[in-house]
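Peer 1: What follows is target-v7.csv, made up of CSV, C-alpha atoms and all ligand atoms:
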chain,number,residue,atom,x,y,z
T,1,MET,CA,2.3,-36.0,-60.6
T,2,PRO,CA,4.4,-33.8,-58.3
T,3,ARG,CA,5.1,-35.0,-54.8
T,4,TYR,CA,4.0,-31.8,-53.2
T,5,THR,CA,1.7,-28.9,-53.9
T,6,SER,CA,2.4,-25.7,-52.1
T,7,PHE,CA,1.4,-22.0,-51.9
T,8,GLY,CA,2.9,-19.2,-49.8
T,9,GLN,CA,1.9,-15.6,-49.2
T,10,SER,CA,3.0,-12.8,-47.0
T,11,ASP,CA,1.1,-9.6,-46.1
T,12,VAL,CA,2.4,-6.5,-44.4
T,13,GLY,CA,-0.7,-6.2,-42.3
T,14,ARG,CA,-2.7,-3.1,-41.5
T,15,VAL,CA,-0.4,-1.2,-39.2
T,16,ARG,CA,3.3,-1.7,-40.1
T,17,LYS,CA,5.1,0.0,-43.0
T,18,HIS,CA,7.6,-2.8,-43.6
T,19,ASN,CA,7.2,-6.5,-44.0
T,20,GLU,CA,10.0,-8.1,-41.9
T,21,ASP,CA,8.7,-11.7,-42.6
T,22,ALA,CA,10.3,-13.8,-45.3
T,23,PHE,CA,9.5,-17.2,-46.7
T,24,ILE,CA,10.5,-19.6,-49.4
T,25,ILE,CA,8.7,-22.5,-51.1
T,26,ASP,CA,10.8,-24.9,-53.2
T,27,ASP,CA,8.8,-28.0,-54.3
T,28,SER,CA,11.8,-29.5,-56.2
T,29,LEU,CA,13.9,-29.3,-53.0
T,30,GLY,CA,11.0,-30.2,-50.8
T,31,LEU,CA,11.9,-27.1,-48.7
T,32,TYR,CA,9.6,-24.6,-47.0
T,33,VAL,CA,10.8,-21.9,-44.6
T,34,VAL,CA,9.1,-19.0,-42.7
T,35,ALA,CA,11.2,-16.4,-41.0
T,36,ASP,CA,10.0,-13.5,-38.9
T,37,GLY,CA,12.7,-10.8,-38.5
T,38,LEU,CA,13.4,-8.8,-35.4
T,39,GLY,CA,15.3,-5.5,-35.1
T,40,GLY,CA,14.8,-1.8,-36.0
T,41,HIS,CA,15.9,0.2,-39.0
T,42,ALA,CA,14.9,-2.6,-41.5
T,43,ALA,CA,17.4,-4.9,-39.8
T,44,GLY,CA,14.7,-7.5,-39.3
T,45,GLU,CA,14.1,-7.6,-43.0
T,46,VAL,CA,17.7,-8.3,-43.6
T,47,ALA,CA,17.8,-11.0,-40.9
T,48,SER,CA,14.8,-12.9,-42.2
T,49,GLU,CA,15.9,-12.7,-45.9
T,50,GLU,CA,19.4,-13.8,-45.1
T,51,ALA,CA,18.0,-16.7,-43.0
T,52,VAL,CA,15.8,-18.2,-45.7
T,53,TYR,CA,18.4,-17.6,-48.4
T,54,ASN,CA,21.2,-19.3,-46.5
T,55,ILE,CA,19.1,-22.2,-45.3
T,56,ARG,CA,18.1,-22.9,-48.8
T,57,GLY,CA,21.7,-22.8,-50.0
T,58,TRP,CA,22.8,-25.2,-47.3
T,59,VAL,CA,19.9,-27.6,-47.9
T,60,ARG,CA,20.5,-27.6,-51.6
T,61,ARG,CA,24.1,-28.6,-51.0
T,62,GLU,CA,23.5,-31.2,-48.2
T,63,ARG,CA,20.2,-32.8,-49.1
T,64,PRO,CA,21.7,-35.3,-51.6
T,65,LYS,CA,23.3,-37.1,-48.5
T,66,VAL,CA,19.8,-38.2,-47.4
T,67,GLU,CA,18.0,-38.6,-50.7
T,68,SER,CA,17.8,-42.4,-49.9
T,69,LEU,CA,15.1,-41.6,-47.3
T,70,ILE,CA,12.7,-41.3,-50.2
T,71,THR,CA,13.0,-45.0,-50.9
T,72,ASP,CA,13.8,-46.1,-47.3
T,73,PRO,CA,12.0,-43.8,-44.9
T,74,TYR,CA,12.7,-45.9,-41.9
T,75,ASP,CA,16.5,-45.6,-42.0
T,76,VAL,CA,17.1,-44.0,-38.6
T,77,ASP,CA,20.7,-43.2,-39.2
T,78,GLN,CA,19.7,-41.2,-42.3
T,79,GLN,CA,16.9,-39.5,-40.4
T,80,ASN,CA,19.5,-38.4,-37.9
T,81,VAL,CA,21.7,-37.0,-40.7
T,82,ALA,CA,18.6,-35.2,-42.1
T,83,GLU,CA,18.0,-33.5,-38.7
T,84,GLN,CA,21.7,-32.6,-38.6
T,85,ILE,CA,21.4,-30.9,-42.0
T,86,LEU,CA,18.7,-28.6,-40.7
T,87,ARG,CA,20.6,-27.9,-37.5
T,88,GLY,CA,23.6,-27.1,-39.6
T,89,ALA,CA,21.6,-24.9,-42.0
T,90,ILE,CA,20.0,-22.9,-39.1
T,91,GLN,CA,23.3,-22.6,-37.2
T,92,ALA,CA,25.2,-21.4,-40.2
T,93,ALA,CA,22.5,-18.7,-40.8
T,94,THR,CA,22.8,-17.8,-37.1
T,95,TYR,CA,26.5,-17.3,-37.3
T,96,LEU,CA,26.3,-15.3,-40.5
T,97,ILE,CA,23.5,-13.0,-39.3
T,98,HIS,CA,25.2,-12.5,-35.9
T,99,SER,CA,28.5,-11.6,-37.7
T,100,MET,CA,26.6,-9.1,-40.0
T,101,ALA,CA,25.2,-7.4,-36.9
T,102,GLU,CA,28.6,-7.2,-35.2
T,103,PHE,CA,30.1,-5.4,-38.2
T,104,ASP,CA,27.3,-3.0,-38.8
T,105,GLU,CA,25.9,-1.1,-35.8
T,106,THR,CA,22.7,-0.2,-37.7
T,107,LYS,CA,22.0,-3.9,-37.5
T,108,ALA,CA,23.0,-4.5,-33.9
T,109,GLY,CA,20.7,-7.1,-32.2
T,110,MET,CA,19.0,-8.2,-35.4
T,111,GLY,CA,17.7,-11.7,-35.5
T,112,THR,CA,14.9,-13.8,-36.8
T,113,THR,CA,12.7,-16.8,-36.0
T,114,THR,CA,12.7,-19.7,-38.4
T,115,SER,CA,10.4,-22.6,-39.0
T,116,VAL,CA,11.8,-25.1,-41.6
T,117,LEU,CA,10.0,-28.1,-43.2
T,118,MET,CA,12.1,-30.4,-45.4
T,119,LEU,CA,10.2,-33.2,-47.1
T,120,LEU,CA,11.8,-36.4,-48.4
T,121,GLY,CA,9.1,-38.7,-49.7
T,122,ARG,CA,7.3,-39.9,-46.6
T,123,VAL,CA,9.7,-38.2,-44.2
T,124,ALA,CA,9.2,-34.7,-42.9
T,125,VAL,CA,12.1,-33.1,-41.1
T,126,ILE,CA,11.3,-30.0,-38.9
T,127,GLY,CA,13.7,-27.4,-37.7
T,128,GLN,CA,12.6,-24.7,-35.3
T,129,VAL,CA,13.8,-21.5,-33.6
T,130,GLY,CA,11.5,-18.9,-32.2
T,131,ASP,CA,7.7,-18.4,-32.3
T,132,SER,CA,6.7,-19.1,-35.9
T,133,ARG,CA,4.8,-22.3,-36.1
T,134,ILE,CA,4.2,-25.5,-38.1
T,135,TYR,CA,0.9,-27.3,-38.0
T,136,LEU,CA,0.0,-30.6,-39.5
T,137,ALA,CA,-3.5,-31.5,-40.5
T,138,ARG,CA,-4.4,-35.2,-41.1
T,139,ASP,CA,-7.7,-37.1,-41.2
T,140,GLY,CA,-9.8,-34.2,-39.9
T,141,GLN,CA,-7.4,-33.4,-37.0
T,142,ILE,CA,-4.8,-30.7,-36.6
T,143,ALA,CA,-1.8,-30.4,-34.3
T,144,GLN,CA,1.0,-27.8,-33.8
T,145,ILE,CA,4.2,-29.8,-34.3
T,146,THR,CA,6.7,-27.1,-33.3
T,147,ASP,CA,7.2,-25.6,-29.8
T,148,ASP,CA,7.1,-21.9,-29.3
T,149,HIS,CA,10.4,-20.5,-27.9
T,150,THR,CA,8.7,-17.8,-25.9
T,151,LEU,CA,8.7,-16.8,-22.3
T,152,ILE,CA,5.0,-17.5,-22.1
T,153,ALA,CA,5.3,-21.1,-23.5
T,154,ALA,CA,8.1,-21.8,-20.9
T,155,GLN,CA,5.9,-20.4,-18.1
T,156,ILE,CA,3.0,-22.6,-19.3
T,157,ARG,CA,5.2,-25.7,-19.4
T,158,GLU,CA,6.4,-24.9,-15.9
T,159,GLY,CA,2.8,-24.4,-14.6
T,160,MET,CA,3.4,-20.7,-13.8
T,161,LEU,CA,0.7,-19.6,-16.2
T,162,THR,CA,-2.4,-21.2,-17.6
T,163,PRO,CA,-3.0,-21.0,-21.3
T,164,GLU,CA,-6.0,-18.7,-20.5
T,165,GLU,CA,-3.8,-16.3,-18.4
T,166,ALA,CA,-1.2,-16.4,-21.2
T,167,ARG,CA,-3.7,-15.0,-23.6
T,168,TYR,CA,-3.7,-11.7,-21.8
T,169,ALA,CA,-0.2,-11.6,-20.5
T,170,PRO,CA,1.7,-8.4,-21.3
T,171,HIS,CA,4.9,-10.0,-22.5
T,172,ARG,CA,3.3,-12.3,-25.1
T,173,ASN,CA,5.9,-11.4,-27.7
T,174,VAL,CA,9.1,-12.1,-25.8
T,175,ILE,CA,11.0,-14.9,-27.6
T,176,THR,CA,13.7,-16.9,-25.8
T,177,ARG,CA,15.6,-18.1,-28.9
T,178,ALA,CA,16.4,-16.3,-32.2
T,179,VAL,CA,18.6,-16.9,-35.2
T,180,GLY,CA,21.3,-14.2,-35.1
T,181,SER,CA,20.9,-12.7,-31.7
T,182,HIS,CA,23.8,-14.7,-30.5
T,183,GLU,CA,26.6,-16.6,-32.2
T,184,TYR,CA,25.0,-19.9,-31.4
T,185,VAL,CA,21.4,-21.0,-31.1
T,186,GLU,CA,19.8,-24.2,-29.8
T,187,VAL,CA,17.8,-25.7,-32.7
T,188,ASP,CA,14.8,-28.0,-32.2
T,189,THR,CA,14.5,-30.7,-34.8
T,190,ARG,CA,12.2,-33.6,-35.2
T,191,VAL,CA,11.1,-36.2,-37.8
T,192,VAL,CA,7.5,-36.8,-38.7
T,193,GLU,CA,6.3,-39.5,-41.0
T,194,THR,CA,3.8,-38.2,-43.6
T,195,ILE,CA,1.0,-39.9,-45.4
T,196,PRO,CA,-0.6,-38.8,-48.7
T,197,GLY,CA,-3.2,-36.0,-48.0
T,198,ASP,CA,-1.2,-34.5,-45.1
T,199,ARG,CA,-1.3,-30.7,-45.1
T,200,PHE,CA,1.3,-28.6,-43.4
T,201,LEU,CA,0.8,-24.9,-42.4
T,202,LEU,CA,3.8,-22.8,-41.7
T,203,CYS,CA,3.1,-19.3,-40.3
T,204,SER,CA,4.4,-16.3,-38.5
T,205,ASP,CA,2.9,-15.0,-35.2
T,206,GLY,CA,1.1,-12.2,-37.1
T,207,LEU,CA,-1.2,-15.1,-38.2
T,208,HIS,CA,-1.3,-17.5,-35.2
T,209,GLY,CA,-1.7,-14.5,-32.8
T,210,TYR,CA,-5.1,-13.8,-34.4
T,211,VAL,CA,-6.1,-17.4,-35.2
T,212,GLU,CA,-5.2,-19.1,-32.0
T,213,GLU,CA,-7.5,-22.1,-32.0
T,214,PRO,CA,-6.2,-24.9,-34.2
T,215,ASP,CA,-9.9,-25.9,-34.6
T,216,GLU,CA,-10.5,-22.6,-36.4
T,217,ILE,CA,-7.5,-23.3,-38.7
T,218,LEU,CA,-8.5,-26.8,-39.7
T,219,PRO,CA,-11.5,-26.1,-42.0
T,220,ILE,CA,-9.6,-23.3,-43.7
T,221,LEU,CA,-6.6,-25.6,-44.2
T,222,SER,CA,-9.0,-28.0,-46.1
T,223,LEU,CA,-9.8,-25.4,-48.8
T,224,PRO,CA,-8.0,-25.6,-52.2
T,225,VAL,CA,-4.3,-25.1,-51.5
T,226,ASP,CA,-4.2,-21.8,-53.4
T,227,GLN,CA,-7.0,-20.3,-51.3
T,228,VAL,CA,-5.8,-21.1,-47.8
T,229,CYS,CA,-3.2,-18.4,-47.3
T,230,GLN,CA,-5.4,-15.5,-48.5
T,231,ARG,CA,-8.3,-16.7,-46.3
T,232,LEU,CA,-6.1,-16.8,-43.2
T,233,ILE,CA,-4.4,-13.5,-44.0
T,234,ASP,CA,-7.9,-11.9,-44.4
T,235,ILE,CA,-8.9,-13.1,-40.9
T,236,ALA,CA,-5.8,-11.8,-39.3
T,237,ASN,CA,-6.3,-8.4,-41.0
T,238,THR,CA,-9.9,-8.3,-40.1
T,239,ARG,CA,-9.0,-8.8,-36.4
T,240,GLY,CA,-6.4,-6.1,-36.4
T,241,GLY,CA,-3.5,-7.0,-38.6
T,242,LYS,CA,-1.0,-5.3,-36.2
T,243,ASP,CA,1.9,-7.5,-37.4
T,244,ASN,CA,3.2,-8.9,-40.7
T,245,ILE,CA,1.3,-12.1,-41.7
T,246,THR,CA,2.9,-15.0,-43.5
T,247,ALA,CA,1.5,-18.4,-44.3
T,248,ILE,CA,2.7,-21.4,-46.4
T,249,VAL,CA,0.5,-24.4,-47.0
T,250,VAL,CA,2.0,-27.7,-48.4
T,251,GLU,CA,0.1,-30.8,-49.4
T,252,VAL,CA,1.8,-34.2,-49.6
T,253,HIS,CA,0.8,-36.5,-52.5
T,254,GLU,CA,1.4,-40.1,-53.1
T,255,VAL,CA,5.1,-40.6,-53.5
Z,1,CA,CA,5.9,-11.2,-36.2
Would you put the structure from the file into structure tokens?
Ligand code: CA
Peer 2:
Amino acid sequence: MPRYTSFGQSDVGRVRKHNEDAFIIDDSLGLYVVADGLGGHAAGEVASEEAVYNIRGWVRRERPKVESLITDPYDVDQQNVAEQILRGAIQAATYLIHSMAEFDETKAGMGTTTSVLMLLGRVAVIGQVGDSRIYLARDGQIAQITDDHTLIAAQIREGMLTPEEARYAPHRNVITRAVGSHEYVEVDTRVVETIPGDRFLLCSDGLHGYVEEPDEILPILSLPVDQVCQRLIDIANTRGGKDNITAIVVEVHEV
């Protein structure tokens, strides 16, 4: 029995000509990444593709250092190393994408969000930059386990906007951190313990912008793994599909 079952899908949406989202699913590596590229002239596509490709390469090389978490999930030192691996992977991608943009003026200012999930047995390690999201569904409940790095999220945290006001704010899409916009990026990481039956959803804002209520996501996330993404993409497209739409669902099995 495999440790994880996953399915990923990306859709250009109903308005845009290009899909600047990228994703990877790699069950053998326990690695799942969504990236949502920013920048004109197809530069966003380059940034998101480079990000997922480089993060996978870095994790493939570094993951053996923390493989012991599969048998000893409570080793805090090893958990810290696992978080460092994701910070290193995302920072390396940042440096590379920023350098590419420096040397090619058609790619100036390109960047990408990235939401990364690395599974090691009962340990889930999360890395986050930007406004793509990861949700965790367990025992009939769902929670967003990443923070959005957006102006709006910051204003809500500071009490300047209510979530209701934020829904109609004009600058909803302004993100405060991106991979590649600068030479360095501050990466959020966290460790979450998993139990069999947990389901993760990784998605770009082309999805969660249209399916905003986690309670609406929950019953869909309970469908067979290979049906979840299409159902969510259909909803986003039905409601406008103004942006590219990407979803990955991962189910954790008994280790
Ligand atoms: Ca987007």
Peer 1: Figure out the distance between CA of Val46 in chain T and CA of Met100 in chain T, please, to one decimal in Å.
Peer 2: 9.6 Å
Peer 1: Restrict the calculation to all atoms listed in the file, then for each residue of range 15-54 of chain T with any atom at most 12 Å from an atom of range 93-99 of chain T give the closest atom pair and their distance in Å to one decimal, rows by chain and rising residue number, as JSON lines.
Peer 2:
{"residue": "T:Ala35", "atom": "CA", "partner": "T:Ala93", "partner_atom": "CA", "distance": 11.5}
{"residue": "T:Gly37", "atom": "CA", "partner": "T:Ile97", "partner_atom": "CA", "distance": 11.1}
{"residue": "T:Leu38", "atom": "CA", "partner": "T:Ile97", "partner_atom": "CA", "distance": 11.6}
{"residue": "T:Gly39", "atom": "CA", "partner": "T:Ile97", "partner_atom": "CA", "distance": 11.9}
{"residue": "T:Ala43", "atom": "CA", "partner": "T:Ile97", "partner_atom": "CA", "distance": 10.2}
{"residue": "T:Gly44", "atom": "CA", "partner": "T:Ile97", "partner_atom": "CA", "distance": 10.4}
{"residue": "T:Glu45", "atom": "CA", "partner": "T:Ile97", "partner_atom": "CA", "distance": 11.5}
{"residue": "T:Val46", "atom": "CA", "partner": "T:Ile97", "partner_atom": "CA", "distance": 8.6}
{"residue": "T:Ala47", "atom": "CA", "partner": "T:Ile97", "partner_atom": "CA", "distance": 6.2}
{"residue": "T:Ser48", "atom": "CA", "partner": "T:Ile97", "partner_atom": "CA", "distance": 9.2}
{"residue": "T:Glu49", "atom": "CA", "partner": "T:Ile97", "partner_atom": "CA", "distance": 10.1}
{"residue": "T:Glu50", "atom": "CA", "partner": "T:Ile97", "partner_atom": "CA", "distance": 7.1}
{"residue": "T:Ala51", "atom": "CA", "partner": "T:Ala93", "partner_atom": "CA", "distance": 5.4}
{"residue": "T:Val52", "atom": "CA", "partner": "T:Ala93", "partner_atom": "CA", "distance": 8.3}
{"residue": "T:Tyr53", "atom": "CA", "partner": "T:Ala93", "partner_atom": "CA", "distance": 8.7}
{"residue": "T:Asn54", "atom": "CA", "partner": "T:Ala93", "partner_atom": "CA", "distance": 5.9}
Peer 1: Out of T:Ile152, T:Asp198, T:Val116, T:Val250, which residue has the shortest atom-to-atom distance to Glu164 in chain T when counting all atoms listed in the file?
Peer 2: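 The shortest atom-to-atom distance to Glu164 in chain T comes from T:Ile152.
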Peer 1: Give me, as a tab-separated table, each residue of chain T that comes within 12 Å of ligand CA 1 (chain Z), together with its shortest interatomic pair and the distance in Å at one decimal, counting all atoms listed in the file, with rows ordered by chain and rising residue number.
Peer 2:
residue	atom	partner	partner_atom	distance
T:Ser10	CA	Z:CA1	CA	11.3
T:Asp11	CA	Z:CA1	CA	11.1
T:Val12	CA	Z:CA1	CA	10.1
T:Gly13	CA	Z:CA1	CA	10.3
T:Arg16	CA	Z:CA1	CA	10.6
T:His18	CA	Z:CA1	CA	11.3
T:Asn19	CA	Z:CA1	CA	9.2
T:Glu20	CA	Z:CA1	CA	7.7
T:Asp21	CA	Z:CA1	CA	7.0
T:Ala22	CA	Z:CA1	CA	10.4
T:Val34	CA	Z:CA1	CA	10.6
T:Ala35	CA	Z:CA1	CA	8.8
T:Asp36	CA	Z:CA1	CA	5.4
T:Gly37	CA	Z:CA1	CA	7.2
T:Leu38	CA	Z:CA1	CA	7.9
T:Gly39	CA	Z:CA1	CA	11.0
T:Gly44	CA	Z:CA1	CA	10.0
T:Glu45	CA	Z:CA1	CA	11.2
T:Ser48	CA	Z:CA1	CA	10.9
T:Gly111	CA	Z:CA1	CA	11.8
T:Thr112	CA	Z:CA1	CA	9.4
T:Thr113	CA	Z:CA1	CA	8.8
T:Thr114	CA	Z:CA1	CA	11.1
T:Gly130	CA	Z:CA1	CA	10.3
T:Asp131	CA	Z:CA1	CA	8.4
T:Ser132	CA	Z:CA1	CA	7.9
T:Arg133	CA	Z:CA1	CA	11.2
T:Arg172	CA	Z:CA1	CA	11.5
T:Asn173	CA	Z:CA1	CA	8.5
T:Val174	CA	Z:CA1	CA	10.9
T:Ile175	CA	Z:CA1	CA	10.7
T:Cys203	CA	Z:CA1	CA	9.5
T:Ser204	CA	Z:CA1	CA	5.8
T:Asp205	CA	Z:CA1	CA	4.9
T:Gly206	CA	Z:CA1	CA	5.0
T:Leu207	CA	Z:CA1	CA	8.3
T:His208	CA	Z:CA1	CA	9.6
T:Gly209	CA	Z:CA1	CA	9.0
T:Tyr210	CA	Z:CA1	CA	11.4
T:Gly241	CA	Z:CA1	CA	10.6
T:Lys242	CA	Z:CA1	CA	9.1
T:Asp243	CA	Z:CA1	CA	5.6
T:Asn244	CA	Z:CA1	CA	5.7
T:Ile245	CA	Z:CA1	CA	7.2
T:Thr246	CA	Z:CA1	CA	8.8
T:Ala247	CA	Z:CA1	CA	11.7
Peer 1: Give me a file of those residues, with C-alpha atoms, as a tab-separated table (two decimals), in the frame of the given file.
Peer 2:
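Listing of selection-v7.tsv after writing:
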chain	number	residue	atom	x	y	z
T	10	SER	CA	3.00	-12.80	-47.00
T	11	ASP	CA	1.10	-9.60	-46.10
T	12	VAL	CA	2.40	-6.50	-44.40
T	13	GLY	CA	-0.70	-6.20	-42.30
T	16	ARG	CA	3.30	-1.70	-40.10
T	18	HIS	CA	7.60	-2.80	-43.60
T	19	ASN	CA	7.20	-6.50	-44.00
T	20	GLU	CA	10.00	-8.10	-41.90
T	21	ASP	CA	8.70	-11.70	-42.60
T	22	ALA	CA	10.30	-13.80	-45.30
T	34	VAL	CA	9.10	-19.00	-42.70
T	35	ALA	CA	11.20	-16.40	-41.00
T	36	ASP	CA	10.00	-13.50	-38.90
T	37	GLY	CA	12.70	-10.80	-38.50
T	38	LEU	CA	13.40	-8.80	-35.40
T	39	GLY	CA	15.30	-5.50	-35.10
T	44	GLY	CA	14.70	-7.50	-39.30
T	45	GLU	CA	14.10	-7.60	-43.00
T	48	SER	CA	14.80	-12.90	-42.20
T	111	GLY	CA	17.70	-11.70	-35.50
T	112	THR	CA	14.90	-13.80	-36.80
T	113	THR	CA	12.70	-16.80	-36.00
T	114	THR	CA	12.70	-19.70	-38.40
T	130	GLY	CA	11.50	-18.90	-32.20
T	131	ASP	CA	7.70	-18.40	-32.30
T	132	SER	CA	6.70	-19.10	-35.90
T	133	ARG	CA	4.80	-22.30	-36.10
T	172	ARG	CA	3.30	-12.30	-25.10
T	173	ASN	CA	5.90	-11.40	-27.70
T	174	VAL	CA	9.10	-12.10	-25.80
T	175	ILE	CA	11.00	-14.90	-27.60
T	203	CYS	CA	3.10	-19.30	-40.30
T	204	SER	CA	4.40	-16.30	-38.50
T	205	ASP	CA	2.90	-15.00	-35.20
T	206	GLY	CA	1.10	-12.20	-37.10
T	207	LEU	CA	-1.20	-15.10	-38.20
T	208	HIS	CA	-1.30	-17.50	-35.20
T	209	GLY	CA	-1.70	-14.50	-32.80
T	210	TYR	CA	-5.10	-13.80	-34.40
T	241	GLY	CA	-3.50	-7.00	-38.60
T	242	LYS	CA	-1.00	-5.30	-36.20
T	243	ASP	CA	1.90	-7.50	-37.40
T	244	ASN	CA	3.20	-8.90	-40.70
T	245	ILE	CA	1.30	-12.10	-41.70
T	246	THR	CA	2.90	-15.00	-43.50
T	247	ALA	CA	1.50	-18.40	-44.30
Peer 1: Pick the closest to His41 in chain T from T:Glu83, T:Asp234, T:Glu105, T:Asp75: which is it, counting all atoms listed in the file?
Peer 2: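 With all atoms listed in the file as the atom set, the closest residue is T:Glu105.
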Peer 1: From the set T:Gly30, T:Gly197, T:Gly140, T:Pro214, which residue has the shortest atom-to-atom contact distance to Leu119 in chain T, counting only C-alpha atoms?
Peer 2: T:Gly30
Peer 1: Restricting the calculation to all atoms listed in the file, which member of T:Asn237, T:Asn80, T:Gln9, T:Ser181 is positioned closest to Gly109 in chain T?
Peer 2: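 Checking each of T:Asn237, T:Asn80, T:Gln9, T:Ser181 against Gly109 in chain T, counting all atoms listed in the file, the winner is T:Ser181.
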Peer 1: Separation of CA of Pro170 in chain T and CA of His149 in chain T, in Å?
Peer 2: 16.3 Å
Peer 1: Using 7 Å as the limit and counting all atoms listed in the file, can you tabulate each residue of range 88-192 of chain T that touches range 58-73 of chain T, with its shortest atom-to-atom distance in Å and the two atoms involved, as a Markdown table?
Peer 2:
| residue | atom | partner | partner_atom | distance |
| --- | --- | --- | --- | --- |
| T:Ala89 | CA | T:Trp58 | CA | 5.4 |
| T:Leu120 | CA | T:Ile70 | CA | 5.3 |
| T:Gly121 | CA | T:Ile70 | CA | 4.5 |
| T:Arg122 | CA | T:Pro73 | CA | 6.3 |
| T:Val123 | CA | T:Pro73 | CA | 6.1 |
Peer 1: Which distance in Å separates CA of Asp139 in chain T and CA of Val125 in chain T, to one decimal?
Peer 2: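 The value is 20.2 Å.
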Peer 1: Of the residues T:Val81, T:Val185, T:Ala236, T:Ile248, which is the one nearest to Leu31 in chain T, using all atoms listed in the file?
Peer 2: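 Under the stated criterion, the closest residue is T:Ile248.
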Peer 1: Using all atoms listed in the file, find the one residue out of T:Arg3, T:Leu202, T:Leu29, T:Glu102 that sits nearest to Cys229 in chain T.
Peer 2: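 Among T:Arg3, T:Leu202, T:Leu29, T:Glu102, it is T:Leu202 that comes nearest to Cys229 in chain T.
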Peer 1: Using all atoms listed in the file, which residues sit within 12 Å of range 157-160 of chain T once same-chain residues fewer than 5 positions away are excluded, as JSON, numbers by chain?
Peer 2: {"T": [147, 148, 149, 150, 151, 152, 165, 166, 169]}
Peer 1: List the neighbours of Asp188 in chain T out to 9 Å using only C-alpha atoms; skip same-chain residues closer than 2 positions along the sequence, and give me the result as JSON, numbers by chain.
Peer 2: {"T": [87, 126, 127, 128, 129, 146, 147, 186, 190]}
